[in-house]
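Please read the structure below before turning to the comments.
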Amino acid sequence: MKIVIVGCGRVGSSVAEAYDRSGHQVLVIDSATAAFDRLPSSFGGTAIRGDGTDEDVLKRAGAEGADVFLALTEGDNRNVMAAQLAAEELGIERVIAKINDPLRAKAYAELGIATLCRTGLMVDAVDHYLGFPTSGLPGMLAPTGHHGAHHETGARPATNAAGVLSGVGAAPSTANPVPNAGPTSSQEA
Amino acid sequence: MFVLVVGGGKVGYYLAKELVESGHEVALMEKDHTRAAHIADEIGSIVIPHDGCEGKYLGEAGCNRADVVAAVTGDDEDNLVICQMAKHHFDVPRTIARVNNPKNEALFRHLGVDELISPTRMILGSIEQDIPVHELLHLAALGEGELELIEAHLQAGSPAIGRAPKDLSIPEGCSLFAVIRDGIATPLRPDTMMLEGDKVIAIGKQECQAMLHDQLIGDPEAIGADAG
């Protein structure tokens, strides 16, 4: 598979290395060349310096036609924007954005992007280790809607932050996301 | 009207100040505490010293009862997220984003931001009004952002010169409605002959622009060749 990874930090470089080793075609993009030092010398994929939230950069780097797009920079919003560019402008079907703010992670899953929330994952890991019940924070969420579907969430403003967060309690089953389950019609535009 | 301004840079600061002076209810979010305190000293306790990108703080700032959210930080990705969260999560009726990279305009629009302000585009437009270019000039976005108000400056080589709108195949959903000639604007009728130097004002969907470009501007390469 062709896999594009934006952000070559600890997570990005580890994922890049693993997928490269298992034979996938890997393309890593980071705005700092120094970030690529994290990749092993055996890395056989492509590493390109550039801003992953810039459509021109993504196209020039050859991100079009990718099967999977992972936005794993340190910035939640950069990940959101890169992921939406990938889904909406490049038409990539399986897109995952790392979003550490639980509220944003849940909101963007509802807007059609698979999200990965380190906050929820870590809290749940700690809870699990200590034998406490899970937090209910989002961890890995599959997309449940698309960005045109906001009117379906009309009742949303009445729900406070705590209510929204506890509402995701049913999420752990999404550890194995099904990105294809989300409607793709909006991606054809 | 309750306006939530996110980003306390120069734009956010003056925007909040003007809004307060004209009697609106305003909340300004600025994540830099020093900057936030400084602004609060000047225009009062309307400043929330938190990151407006974070859902929790947007909620605490009263985003769900805001009539307008204006995202005016210096970072496009932040402005996009603020508007999307406001629109989709808090059901804010009107979202306005500052866009620095003009190439992001289409994406922002597509993703549901109601209004875009692009300083780069505006300055670019201003410069382009004074130098010969063979492009359509975007004057404003209208309605839900799907319609564009466009100006086409007819220069030598334009296929529209010497013809009237009825002779052109104007794309559906697009209308040529006025012409500026010698500084005077007049309605453009189906049989009005268009002349070199005319500025034709059109309104239409973004998708129509390629066709409009062909009809009104023509092929810039060919124009260059003619001139040379």
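Labels used: A, B, ... for chains in the order of the structure tokens, numbers from 1 for residues in each chain, and numbers from 1 for ligands as shown.
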* Fewer than 5 positions away in the same chain doesn't count, so skip those; otherwise give me all residues within 7 Å of segment 108-124 of chain A, counting only C-alpha atoms, as a PyMOL selection string. => chain A and resi 95-102+134-135+137-147+179+182
* Within 7 Å of chain A, which residues of chain B show up when using only C-alpha atoms, listed as an NGL selection string? -> :B and (54-56 or 64 or 77-78 or 81 or 88-91 or 111)
Near segment 22-28 of chain A, counting only C-alpha atoms, which residues have an atom at most 6 Å away, once you skip same-chain residues fewer than 3 positions from it, shown as a CSV table (one decimal) with N, CA and C atoms, in the first residue's frame?
chain,number,residue,atom,x,y,z
A,1,MET,N,0.8,-1.2,0.0
A,1,MET,CA,0.0,0.0,0.0
A,1,MET,C,0.9,1.2,0.0
A,2,LYS,N,0.3,2.3,-0.6
A,2,LYS,CA,1.0,3.6,-0.5
A,2,LYS,C,0.5,4.4,0.7
A,3,ILE,N,1.5,4.7,1.6
A,3,ILE,CA,1.1,5.3,2.9
A,3,ILE,C,1.9,6.6,3.0
A,4,VAL,N,1.1,7.7,3.3
A,4,VAL,CA,1.7,9.0,3.5
A,4,VAL,C,1.6,9.4,4.9
A,5,ILE,N,2.7,9.8,5.5
A,5,ILE,CA,2.8,10.2,6.9
A,5,ILE,C,3.3,11.6,7.0
A,6,VAL,N,2.5,12.5,7.6
A,6,VAL,CA,2.9,13.9,7.9
A,6,VAL,C,3.3,14.0,9.3
A,19,TYR,N,6.1,0.4,8.7
A,19,TYR,CA,5.4,0.1,7.4
A,19,TYR,C,6.4,-0.1,6.3
A,45,GLY,N,11.9,4.2,2.2
A,45,GLY,CA,10.8,5.1,1.7
A,45,GLY,C,11.3,6.5,1.3
A,46,THR,N,10.4,7.4,1.1
A,46,THR,CA,10.8,8.7,0.6
A,46,THR,C,10.5,9.7,1.8
A,47,ALA,N,11.5,10.6,2.0
A,47,ALA,CA,11.3,11.6,3.1
A,47,ALA,C,11.4,13.0,2.4
* **Distance criterion (only C-alpha atoms): nearest to Leu58 of chain A out of A:Arg21, A:Pro133, A:Ala86, A:Ala16** => A:Ala86
* **Residue nearest Ala185 of chain B - candidates B:Glu172, B:Val68, B:Val200, B:Val5, atoms counted: only C-alpha atoms** =>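 Among the listed residues, the smallest separation from Ala185 of chain B belongs to B:Val200.
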Listing only residues of segment 69-162 of chain B within 12 Å of segment 13-18 of chain B, what is the closest atom pair and its distance in Å (to one decimal) for each, using only C-alpha atoms, sorted by chain and residue number ascending, as a Markdown table?
| residue | atom | partner | partner_atom | distance |
| --- | --- | --- | --- | --- |
| B:Val69 | CA | B:Ala16 | CA | 11.6 |
| B:Ala70 | CA | B:Leu15 | CA | 9.3 |
| B:Ala71 | CA | B:Leu15 | CA | 11.0 |
| B:Val72 | CA | B:Leu15 | CA | 9.3 |
| B:Thr73 | CA | B:Tyr13 | CA | 10.7 |
* Quick one: everything within 8 Å of Gln155 of chain B, counting only C-alpha atoms, minus sequence neighbours fewer than 6 positions away in the same chain. Send it as an MDAnalysis selection string. => chainID B and resid 134 196:198 217
Preceding selection exported with N, CA and C atoms as a JSON list (two decimals), in the first residue's frame:
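Listed below is the output, selection.json:
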[["chain", "number", "residue", "atom", "x", "y", "z"],
["B", 134, "HIS", "N", -3.72, 38.83, -17.02],
["B", 134, "HIS", "CA", -4.74, 38.19, -17.83],
["B", 134, "HIS", "C", -5.49, 37.17, -16.99],
["B", 196, "GLU", "N", -12.43, 46.60, -26.10],
["B", 196, "GLU", "CA", -11.15, 46.45, -25.41],
["B", 196, "GLU", "C", -11.07, 47.48, -24.28],
["B", 197, "GLY", "N", -10.57, 47.06, -23.13],
["B", 197, "GLY", "CA", -10.45, 47.97, -22.00],
["B", 197, "GLY", "C", -11.65, 47.92, -21.07],
["B", 198, "ASP", "N", -12.74, 47.29, -21.50],
["B", 198, "ASP", "CA", -13.92, 47.16, -20.63],
["B", 198, "ASP", "C", -13.58, 46.29, -19.43],
["B", 217, "ILE", "N", -11.20, 36.16, -21.09],
["B", 217, "ILE", "CA", -9.77, 36.46, -21.03],
["B", 217, "ILE", "C", -9.05, 35.81, -22.21]]
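Here the question is which of B:Ala36, B:Val92, B:Met194, B:Ile127 gets nearest to Ala156 of chain B using only C-alpha atoms, and that residue is B:Met194.
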* Asked: Please, which residues of segment 2-228 of chain B, numbered as in this document, come out strand (DSSP E) from DSSP, as JSON, numbers by chain?
  -> {"B": [2, 3, 4, 5, 6, 25, 26, 27, 28, 29, 47, 48, 68, 69, 70, 71, 94, 95, 96, 97, 98, 115, 116, 117, 136, 137, 138, 139, 140, 141, 142, 147, 148, 149, 150, 151, 152, 153, 174, 175, 176, 177, 178, 179, 180, 181, 184, 185, 186, 187, 199, 200, 201, 202, 203, 204, 205]}
* Asked: Using only C-alpha atoms, which residue out of A:Asp20, A:Glu93, A:Asp30, A:Asp127 lies closest to Val57 of chain A?
  ->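 So, comparing all the options, the nearest one is A:Asp30.
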* Would you mind listing what lies within 10 Å of segment 141-153 of chain B as a count of residues only, with only C-alpha atoms counted and same-chain residues fewer than 2 positions away left out? => 47
* as an MDAnalysis selection string, which residues of segment 19-222 of chain B does DSSP assign to helix (DSSP H, G or I)? -> chainID B and resid 19:21 33:43 55:60 63:65 76:89 102:110 119:128 165:167 206:216 220:222
* Asked: Which value, in Å to one decimal, gives the distance between atom CA of Ala66 of chain B and atom CA of Gln84 of chain B?
  ->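 About the pair atom CA of Ala66 of chain B and atom CA of Gln84 of chain B: they are 13.9 Å apart.
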